[in-house]
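In what follows, a structure is listed as structure tokens, so that the remarks can point back to it.
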Amino acid sequence: MTRFERLNQRYAAAASVAARSIEMLAVGDSVGAHLNAAIKELIVLARTDGPELWADLLGSARQLRWRLATEPQPIELNPQLQEMACAVNSQAERLHAAVGDDAQTVLRQLEAAALDVRHRDPVVGPVLVRCIQEVGAESCRVLAAGSRSAAGLSRWFIESGLGVVVVNGVGRRSDGVVEQAYAVGPPRIFPPSAITSPTANAVMFIFPSWETNRSIPRTVLSTQAEGAIRPRSRTFTEGDEPVLVRPTPDVADDLVPQPTWTAHQAPDREPGVDEVVAHKVLLSGSLSIYLDSDGEHIRSLDPTQPAGERVMHSDVKLVGPGTYLVLREGQSERQALYDRAVALLGDRGPQAKASQRRWKEALQVKLRQAGRQEVRRALAQIGVHRMNRATAWTEETLTRPQNDQDFVRLLAWLDVPLHPTFELATELRRLRLQASADVRESLERALSVASMTTLEEHGHLRLDLDLPGFRGIIATRVLAISPHAELIARHDVRVTTADRSAQWLE
Amino acid sequence: MTIRRLPTGSAPAIPVTYRPEPQPTGIALGDHPLGPLVAAPWAGSLIALGARLARQIPSLSDGQLVVALTVPVRDLAAVLVACGWTLTRPAKELGIPADVAATLAYGTPVRMVTDHYVVGGPFYGIQDGPTGPRIRAYGTWELKHVRGLAAVPDLSEHRYGKRDIALPGTLAGKTGQSASWAARQCDPRRDLAILGTKLWLGDDMTACIGWGSAGLADEISAILLPDSDMSPTWATRIYSAQLIQELDLPSDLSLVVLDGASAIRWLPVVESPVVVAVIDRQATDETASETVMQVRARSRLVLIDTLGWQPPAGIEALAFQVAL
């Protein structure tokens, strides 16, 4: 098949799925329904008791529920499910001595449910197999939510001789189109592309009936676009609906494992001169960073791009779960880039540093004396366009305001001589860009021989660059971003630290 | 590609127009100008969009027109819109080569199109030869075979040389561009840029578009003339969006096509009158769409109908006008 025929098929499949209904098959699952109910009871409990005590139990229980829905292979081929069920049991055991009577009941429910999971095959598995056999393995494709699910299902289908192709998420650019796709899990845990860029002419989602959020992901543009893809859905049910003794509490919950954030008070004051507003970001590889919400661009990586064009700078506002960040371990990249730029200046390095210090200190003094608001107002008055960046300009690593006029006016306002401050800062900026381009090139070289499949499977990858000062780079997937804004010391942002709060997310 | 050259000695004054076969008609795509080609109606729609936009470039005082498309896979979408645009923009009027030559100072860098080649180099004058006047510029050429000549004062030395000229195919013929083909190769408009993944755009450039599945198709690179930094003639600027640290596009661009998320992140700072953003729905993250919607939020919605175009099945389209 030529690339053009394949393209024709992809357009036809997209049109076909958009015109037909998305099918959902909800399978009655008593074991999972009990686990789900116990988790919701636990959420209610954690809400009144404070989340910290319950974080590990809730984290492991949610991860168990996630695996039950997305990795439905028989239990003897499912060590991941067994392992997580054991983890839930041991976390529950740990808490028995520490909690009161009400909580004991919930713990026992959860332990019983986890024990059941360890001894019964997930109910979705046989339904999935039957569906595949009805259509024929060669005419269908299984969509898995995540690389572990894909690997587990794949192994099962190979061992059972079913031989159906399993893809992680939504498939690859080069995939041909088959008649039917079966997605393991409810629609909303898949990216919209499962439906809007399908590699099959029809898509069915198979999941346990206790999952009640059956919303269909849409493209962001679909609310306003002409020709918007908004397929209808039809739900079928299979098996007996389990009967629960108590009604399942109606609480805000998500099938996708979520971290438990320690609730911080929103900052009740303006950040100090050496502080920034930042959000905690949990990263694959048991790491976290604080990301400055209003900061300059951050280096990111797109493993789906071809070698040589994978690394770029992303707006921090567009960083979200699933983004791969490229970070220098131990020290922020900004600092390292700045040091390299100064080094590239050679003999003039110290002069440039002193000149930079002079205007930055003058600005800092103004900020300290007059306050942020007043400085902004004064700068606006003299026609500085990006006066909101005033505090950021005091950062050592930010060489100068982007706009020439802004910089000229700022220097005049600070009463700092224009020459050679302007020229030195501009030269430093040029060299910083040069240093950044060098790092980029070196990264691309290292990445061109690294396996992107490994990166996507493990979530992170350590790289050694052939550039002084840039050894020890890690490419790592963002797992979650805290909704809580915090005030963080400027030199602590974007610095990786070991963090185990993500242990139940992957 | 030797098959695209005219046989030596029997060159007609105007390159041959290949007429489409009666059946089937419509846009067809292939890897080779001589086929096989497969009909691709969606590709026709994307070319039509580019053509529509080229016909009604808004003046910047009305604001910038942004058309965002979502496609199932990005392949070819950006270059097809660009082809529609390029084939519809009027070709520049070239003077008669002899007249142009008469105005040129010795050593002026020129670009010249003959029956077989595009030539770039310094102009060293006209001289008489046994078969008529000859022009000296990167070699010596019979003036009667020169189809176009233009002074290009900023033609840098590394672009000096000659390249085979591609002949107009069925799409160029259908869009009425065969007659202006030489002018388009000799002095193309350079009002178009594409930002995206360079390697993929390079693959796209090798595809061929035909009108109908018979006859000679047009190679996309022959229509768009991507700037390879070496070629004596070029029209479309191609940028690797990942490599850009600070966007600094030429100010005379009329259309910028942003192909994929890494290109679309620059949408807020692109200043051309028309922008087309191609969103690849295969990409799992939504950052491209979010950037588009952020810009959309401070703009005026334009009904797609008013562009005289309708997205085909499988493509979502959104247009809006942004005050610059």
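Scheme for the structure tokens: letters A, B, ... for chains in order shown; per-chain residue numbers from 1; ligand numbers from 1 in order shown.
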*Hey, what does DSSP flag as strand (DSSP E or B) within segment 66-304 of chain B? Can you give it to me as a PyMOL selection string?*
chain B and resi 66-71+109-114+117-129+132-137+140-142+146-151+161-164+192-196+208-211+218-219+226+236-240+255-259+274-280+300-302
*Select residues of chain B: the criterion is any atom within 6 Å of an atom of chain A, counting only C-alpha atoms; output as a count of residues only.*
12
*Which is closer to Cys186 of chain B than all the others in B:Val257, B:Leu324, B:Leu243, B:Val113, using only C-alpha atoms?*
B:Val113
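With distances restricted to only C-alpha atoms, B:Pro58 is the closest residue to Ser254 of chain B from B:Pro188, B:Pro268, B:Pro153, B:Pro58.
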*asked:* Env of Arg184 of chain B: 12 Å cut, atoms = only C-alpha atoms, seq-sep filter 6 positions within chain, self excluded. Answer as a VMD selection string.
replied: chain B and resid 86 to 94 111 to 113 118 147 to 150 165 to 168 172 177 to 178 190 222 to 225 233 to 235
*Hey, which of B:Pro232, B:Gly63, B:Pro250, B:Gly196 ends up closest to Gln321 of chain B? Count only C-alpha atoms.*
B:Gly63
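Summary of the local environment: counting only C-alpha atoms, residues at most 12 Å from segment 154-160 of chain B, other than itself and those fewer than 6 positions away along its chain, are Gly107, Thr108, Pro109, Val110, Arg111, Met112, Val118, Val119, Gly120, Gly121, Pro122, Phe123, Ala137, Tyr138, Gly139, Asp187, Asp227, Ser228, Asp229, Met230, Ser231, Pro232, Thr233 and Trp234 of chain B.
Take atom CA of Pro72 of chain A and atom CA of Ala151 of chain A: the distance between them is 12.0 Å.
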*asked:* I want to know what sits within 9 Å of Glu395 of chain A, based on only C-alpha atoms, with residues of the same chain fewer than 6 positions away left out; could you give that as a PyMOL selection string?
replied: chain A and resi 274+360+490
Atoms to include: N, CA, C and O atoms. Write the selected residues as a PDB file, in the first residue's frame.
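Contents of again-v1.pdb, freshly written:
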```
ATOM      1  N   ASP A 274      13.029  37.677  45.744  1.00  0.00           N
ATOM      2  CA  ASP A 274      13.738  36.431  45.429  1.00  0.00           C
ATOM      3  C   ASP A 274      12.808  35.234  45.326  1.00  0.00           C
ATOM      4  O   ASP A 274      13.253  34.095  45.380  1.00  0.00           O
ATOM      5  N   LYS A 360      20.822  45.133  37.488  1.00  0.00           N
ATOM      6  CA  LYS A 360      19.880  44.232  38.161  1.00  0.00           C
ATOM      7  C   LYS A 360      19.729  44.617  39.637  1.00  0.00           C
ATOM      8  O   LYS A 360      18.627  44.584  40.188  1.00  0.00           O
ATOM      9  N   ARG A 490      13.531  31.633  44.228  1.00  0.00           N
ATOM     10  CA  ARG A 490      13.879  31.644  42.813  1.00  0.00           C
ATOM     11  C   ARG A 490      14.893  30.566  42.418  1.00  0.00           C
ATOM     12  O   ARG A 490      14.758  29.910  41.394  1.00  0.00           O
TER      13      ARG A 490
END
```
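In terms of minimum interatomic distance to Tyr182 of chain A, A:Ala144 ranks closest within A:Ile473, A:Leu327, A:Ala26, A:Ala144, counting only C-alpha atoms.
Interatomic distance, atom CA of Gly308 of chain B to atom CA of Ala217 of chain B: 26.4 Å.
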*DSSP-assigned alpha helix (DSSP H) members of segment 343-402 of chain A, reported as number ranges by chain*: A: 343-344, 349-370, 372-381, 390-393
Suppose we keep C-alpha atoms; can you now write the selection as a compact mmCIF listing (two decimals), in the first residue's frame?
```txt
# COMPACT_ATOMS: atom_id res chain seq x y z
CA ALA A 343 32.56 31.53 29.76
CA LEU A 344 32.09 32.04 25.99
CA GLY A 349 33.14 37.68 31.11
CA PRO A 350 33.86 39.39 34.45
CA GLN A 351 33.14 42.83 32.97
CA ALA A 352 29.78 41.62 31.65
CA LYS A 353 28.90 40.02 34.96
CA ALA A 354 29.67 43.24 36.82
CA SER A 355 27.71 45.32 34.34
CA GLN A 356 24.71 42.99 34.63
CA ARG A 357 24.91 43.04 38.41
CA ARG A 358 24.81 46.82 38.37
CA TRP A 359 21.49 47.29 36.61
CA LYS A 360 19.88 44.23 38.16
CA GLU A 361 20.79 45.41 41.65
CA ALA A 362 19.46 48.89 40.89
CA LEU A 363 16.17 47.32 39.79
CA GLN A 364 16.09 45.13 42.85
CA VAL A 365 16.55 48.15 45.11
CA LYS A 366 13.65 49.91 43.39
CA LEU A 367 11.47 46.83 43.76
CA ARG A 368 12.33 46.52 47.41
CA GLN A 369 11.79 50.18 48.15
CA ALA A 370 8.75 50.97 46.04
CA ARG A 372 6.19 45.62 42.61
CA GLN A 373 3.02 47.54 41.79
CA GLU A 374 4.69 50.92 42.00
CA VAL A 375 7.62 49.81 39.82
CA ARG A 376 5.22 48.46 37.21
CA ARG A 377 3.28 51.69 37.23
CA ALA A 378 6.43 53.78 36.86
CA LEU A 379 7.72 51.61 34.01
CA ALA A 380 4.37 51.75 32.23
CA GLN A 381 4.50 55.51 32.46
CA ALA A 390 10.16 43.62 35.98
CA THR A 391 10.74 41.10 38.76
CA ALA A 392 11.88 38.42 36.34
CA TRP A 393 14.47 40.85 34.93
```
